[in-house]
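See below for the structure under consideration.
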Protein chains: 2
Amino acid sequence: MDIETPAALIDRRRMAGNIKRMQEHLSSLGVRLRPHVKTSKCIEVARAQQDAGAVGITVSTLKEAEQFFAAGFGDVLYAVCIVPDKLDRALALIRKGCALTLLVDSVAAAEAIVAKGKAANQKFDVMIEIDSDGHRSGVRPEAPELIAIGQVLQAGGATVKGVLTHAGSSYDLDTPAALQALAEQERALCVRAAERLRAVGIACPEVSIGSTPTAIAAQHLEGVTEVRAGVYVFFDLVMSNVGVCTPQDVALSVLTEVIGHQPEKGWVIVDAGWMAMSRDRGTQRQKIDYGYGAVCDLDGNPIEGLIVSGANQEHGIVSRRDGAADAGVVEHFPIGTKLRILPNHACATGAQYPAYLAVTPAGDATTWPRFQGW
Amino acid sequence: MDIETPAALIDRRRMAGNIKRMQEHLSSLGVRLRPHVKTSKCIEVARAQQDAGAVGITVSTLKEAEQFFAAGFGDVLYAVCIVPDKLDRALALIRKGCALTLLVDSVAAAEAIVAKGKAANQKFDVMIEIDSDGHRSGVRPEAPELIAIGQVLQAGGATVKGVLTHAGSSYDLDTPAALQALAEQERALCVRAAERLRAVGIACPEVSIGSTPTAIAAQHLEGVTEVRAGVYVFFDLVMSNVGVCTPQDVALSVLTEVIGHQPEKGWVIVDAGWMAMSRDRGTQRQKIDYGYGAVCDLDGNPIEGLIVSGANQEHGIVSRRDGAADAGVVEHFPIGTKLRILPNHACATGAQYPAYLAVTPAGDATTWPRFQGW
């Protein structure tokens, strides 16, 4: 491949396999898949997910909502709690025809939505975030505030579209049993929250759960209507350590080139530093620490034991994970050698690039833009 | 300030103070300052450095060279060893009139430059990278290869413009004595390398050293012609821990907004996650670990003991560094409260944004674009 380095490559065959696997699994469990497009921020990737059967998208910023709506994605769930300041921007998008669903986890935010809805004569679609594992946001399914939020929204003229949770603590697990248990906890607690709302006369039609590991681990999804997952489209080394993919499934890699050596130390210096890989060190606390990434040959086959052990802005240090110094690094990896690096975290690595290069098995590369900012 | 969050703010008064301090220090030591623009990737920031007396710029990518040359910066040092694949792109820039200096640390790369120079009838300006502290690239000042590289370049028709080193291990230090010792080591070893080249008839007019900590710590710079430094223009929490600035000097901050709470845990949830802060955890192994950043009020005054202790893509968890749970977080930081977060590493945080907002003491904000990619 005659591509300038560093570059973010998408292996289209692997990506298609990842999309098919998740879609078939969730379809077999009788739920819709609403992919989280924060991973790719790329229209072409989301279209491939949609073409495989996904319904609607999940976004993490209003810019994502705007960009994807402009590209024809009309059913958008903004899965971060909205603050009053951002309601005008959300409203503008709805007025353009976007079916945008908002999220809240507090009475204060619900009241702000209601006030804006009345002032603007707009019936907002709103979901309530449930905390199913204590890792971040949301109200506990048994909290009195859950009912209070629902009542504020319903009484104020908003539509309580449903409840939503994200068992993000699944990233800390690495056994099938633990993942299945968390998947069932995520499902059961979110369904329980919906039942509490329904018991006080709030319809709550949607029950939306998901994270890539729990989505894959789920054995049944009774009471759930949709699953959200993002990183599965590319997978990465963190997901490999969690146990829901292998390094051979990872569809995103960074193409890099050897620019120098420190032979006594067994170091190969490459032009993929942290700007190219991101600063994400998500495998640091997992069972295999890959440094800043796992080194593969140009065809994407992992070179056993070789990682990016250190990174400056535009320099990566490639060495053996066991610390052994290979005295033959200059001969094995001469200047100009091209390598591919699998990332710890596909969402973070992708974000370093204005575009991906999507590569077919035949080697044809197409530029797929992605966007940056808020 | 009516600014959508998250946003990357530059405090122009602080930035001007940082620029003045470094320029005056290096001018007093009788050397030129060639700022590293990889920190800002922003024309307006580099112009402020130039206006204060800087001579030329340092870049880490050819895209930086191209972008800054197009904006009128004609004297550019590309301070990452060049590989054969990138010579055509460098040549194209030189042919447009850019005084571009290249870098090598191997005979193989020197030979590639010589071959390209002969084929293209171009006399390249080249510096040789010296390893003065073992942290990354470069040849040791006493290595036979140093002379071999110089001779390959000179015999092949390239100009050996000088020697260059970067004592990047200064980031691991935190006492004035250790910093001064490393600054002297960086100076002495780079000067020694130049002397070895001169002794075999290679003129080597330039001796270029630098990192922000060693530049500040240097007591004298005999034999040095120029110093390179980058992060000093903004400073950050890593530099504060190293001891070369205070948090009150940090000119880059992220404006964020409170989007929720977990009151039992004392957590405030903000809309600055790792996408807004970067994944850089550079203070993790330093004397004060600031998590993903130090929390300040809207005016930029640090709120003692409050940090971003956790981060997901678009969620930051603000809590006390000592782990104590403040039961009054909802009242102290209601939804919609705006805060400013000082970053661990200004180069990494800036890279997450398509533009900065440069703010004057009067509160006027101007958009200063920055660029992404290679």
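Chain labels follow the order of the structure tokens: the first chain is A, the next B, and so on; residue numbering restarts at 1 in every chain, and ligands are counted from 1 in their shown order.
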
Margin query: Taking only region 137-180 of chain A into account, list the residues labelled strand (DSSP E or B) by DSSP (computed from the backbone), as number ranges by chain.
Written below: A: 139, 159-165

Save out the residues we just selected, C-alpha atoms, as an mmCIF file, in the first residue's frame.
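Produced file result-v2.cif, reproduced below:
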data_model
loop_
_atom_site.group_PDB
_atom_site.id
_atom_site.type_symbol
_atom_site.label_atom_id
_atom_site.label_comp_id
_atom_site.auth_asym_id
_atom_site.auth_seq_id
_atom_site.Cartn_x
_atom_site.Cartn_y
_atom_site.Cartn_z
ATOM 1 C CA VAL A 139 -30.713 7.257 39.034
ATOM 2 C CA THR A 159 -43.093 12.257 26.299
ATOM 3 C CA VAL A 160 -41.397 9.767 28.602
ATOM 4 C CA LYS A 161 -40.100 7.559 25.846
ATOM 5 C CA GLY A 162 -38.406 5.076 28.111
ATOM 6 C CA VAL A 163 -35.501 4.206 30.359
ATOM 7 C CA LEU A 164 -31.871 3.761 29.384
ATOM 8 C CA THR A 165 -28.834 2.282 31.077
#

Check: Mind listing as a PyMOL selection string which residues of chain B are within 8 Å of chain A, counting only C-alpha atoms?
Finding: chain B and resi 4-6+60-61+80-86+105-106+108-109+136-137+258-262+269+275+278-281+314-315+317+335-336+348+351-354+372-374

Item checked: Residue set, region 20-184 of chain A restricted to helix (DSSP H, G or I), as an MDAnalysis selection string -> chainID A and resid 20:28 43:51 62:70 84:95 107:120 144:155 168:172 176:184

Note to self: Env of Ala143 (chain A): 12 Å cut, atoms = only C-alpha atoms, seq-sep filter 4 positions within chain, self excluded. Answer as a list in words.
What the structure shows: Asp105, Ser106, Glu129, Ile130, Asp131, Ser132, Gly138, Val139, Ile147, Ala148, Ile149, Gly150, Leu189, Arg192, Ala193, Arg196 and Leu197 of chain A

Next item on the list: Extract, using only C-alpha atoms, all DNA, RNA and protein residues at most 8 Å from region 296-299 of chain A, discarding same-chain residues fewer than 3 positions from it, and format them as a PyMOL selection string.
Entry: chain A and resi 255+302-303+338-342

Next item on the list: Excluding Thr214 (chain A) and any residue of its chain fewer than 3 positions from it, enumerate the residues within 12 Å of it, using only C-alpha atoms, and give them as a PyMOL selection string.
Entry: chain A and resi 22+25-26+133+165-187+209-211+217-221+227-230+232+239+242-244

Checklist line | Residue nearest Tyr78 (chain A) - candidates A:Val126, A:Ala110, A:Val359, A:Ala115, atoms counted: only C-alpha atoms | finding: A:Val126

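Taking only C-alpha atoms, the non-local environment of Gln284 (chain B) within 10 Å (same-chain residues fewer than 5 positions away omitted) comprises B:Val238, B:Asp289, B:Tyr290, B:Gly291, B:Tyr292, B:Asn344.
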
Mind writing the picked residues with N, CA and C atoms as an mmCIF file, in the first residue's frame?
data_model
loop_
_atom_site.group_PDB
_atom_site.id
_atom_site.type_symbol
_atom_site.label_atom_id
_atom_site.label_comp_id
_atom_site.auth_asym_id
_atom_site.auth_seq_id
_atom_site.Cartn_x
_atom_site.Cartn_y
_atom_site.Cartn_z
ATOM 1 N N VAL B 238 1.553 18.680 34.321
ATOM 2 C CA VAL B 238 2.812 17.924 34.337
ATOM 3 C C VAL B 238 3.977 18.877 34.585
ATOM 4 N N ASP B 289 -1.094 13.585 41.658
ATOM 5 C CA ASP B 289 -1.874 12.982 40.578
ATOM 6 C C ASP B 289 -3.185 13.747 40.463
ATOM 7 N N TYR B 290 -3.357 14.441 39.337
ATOM 8 C CA TYR B 290 -4.555 15.262 39.134
ATOM 9 C C TYR B 290 -5.659 14.515 38.375
ATOM 10 N N GLY B 291 -5.554 13.198 38.255
ATOM 11 C CA GLY B 291 -6.572 12.483 37.476
ATOM 12 C C GLY B 291 -6.524 12.948 36.031
ATOM 13 N N TYR B 292 -7.681 13.369 35.508
ATOM 14 C CA TYR B 292 -7.738 13.914 34.145
ATOM 15 C C TYR B 292 -7.683 15.436 34.136
ATOM 16 N N ASN B 344 -3.577 17.937 32.190
ATOM 17 C CA ASN B 344 -2.285 17.319 32.486
ATOM 18 C C ASN B 344 -1.245 17.734 31.454
#
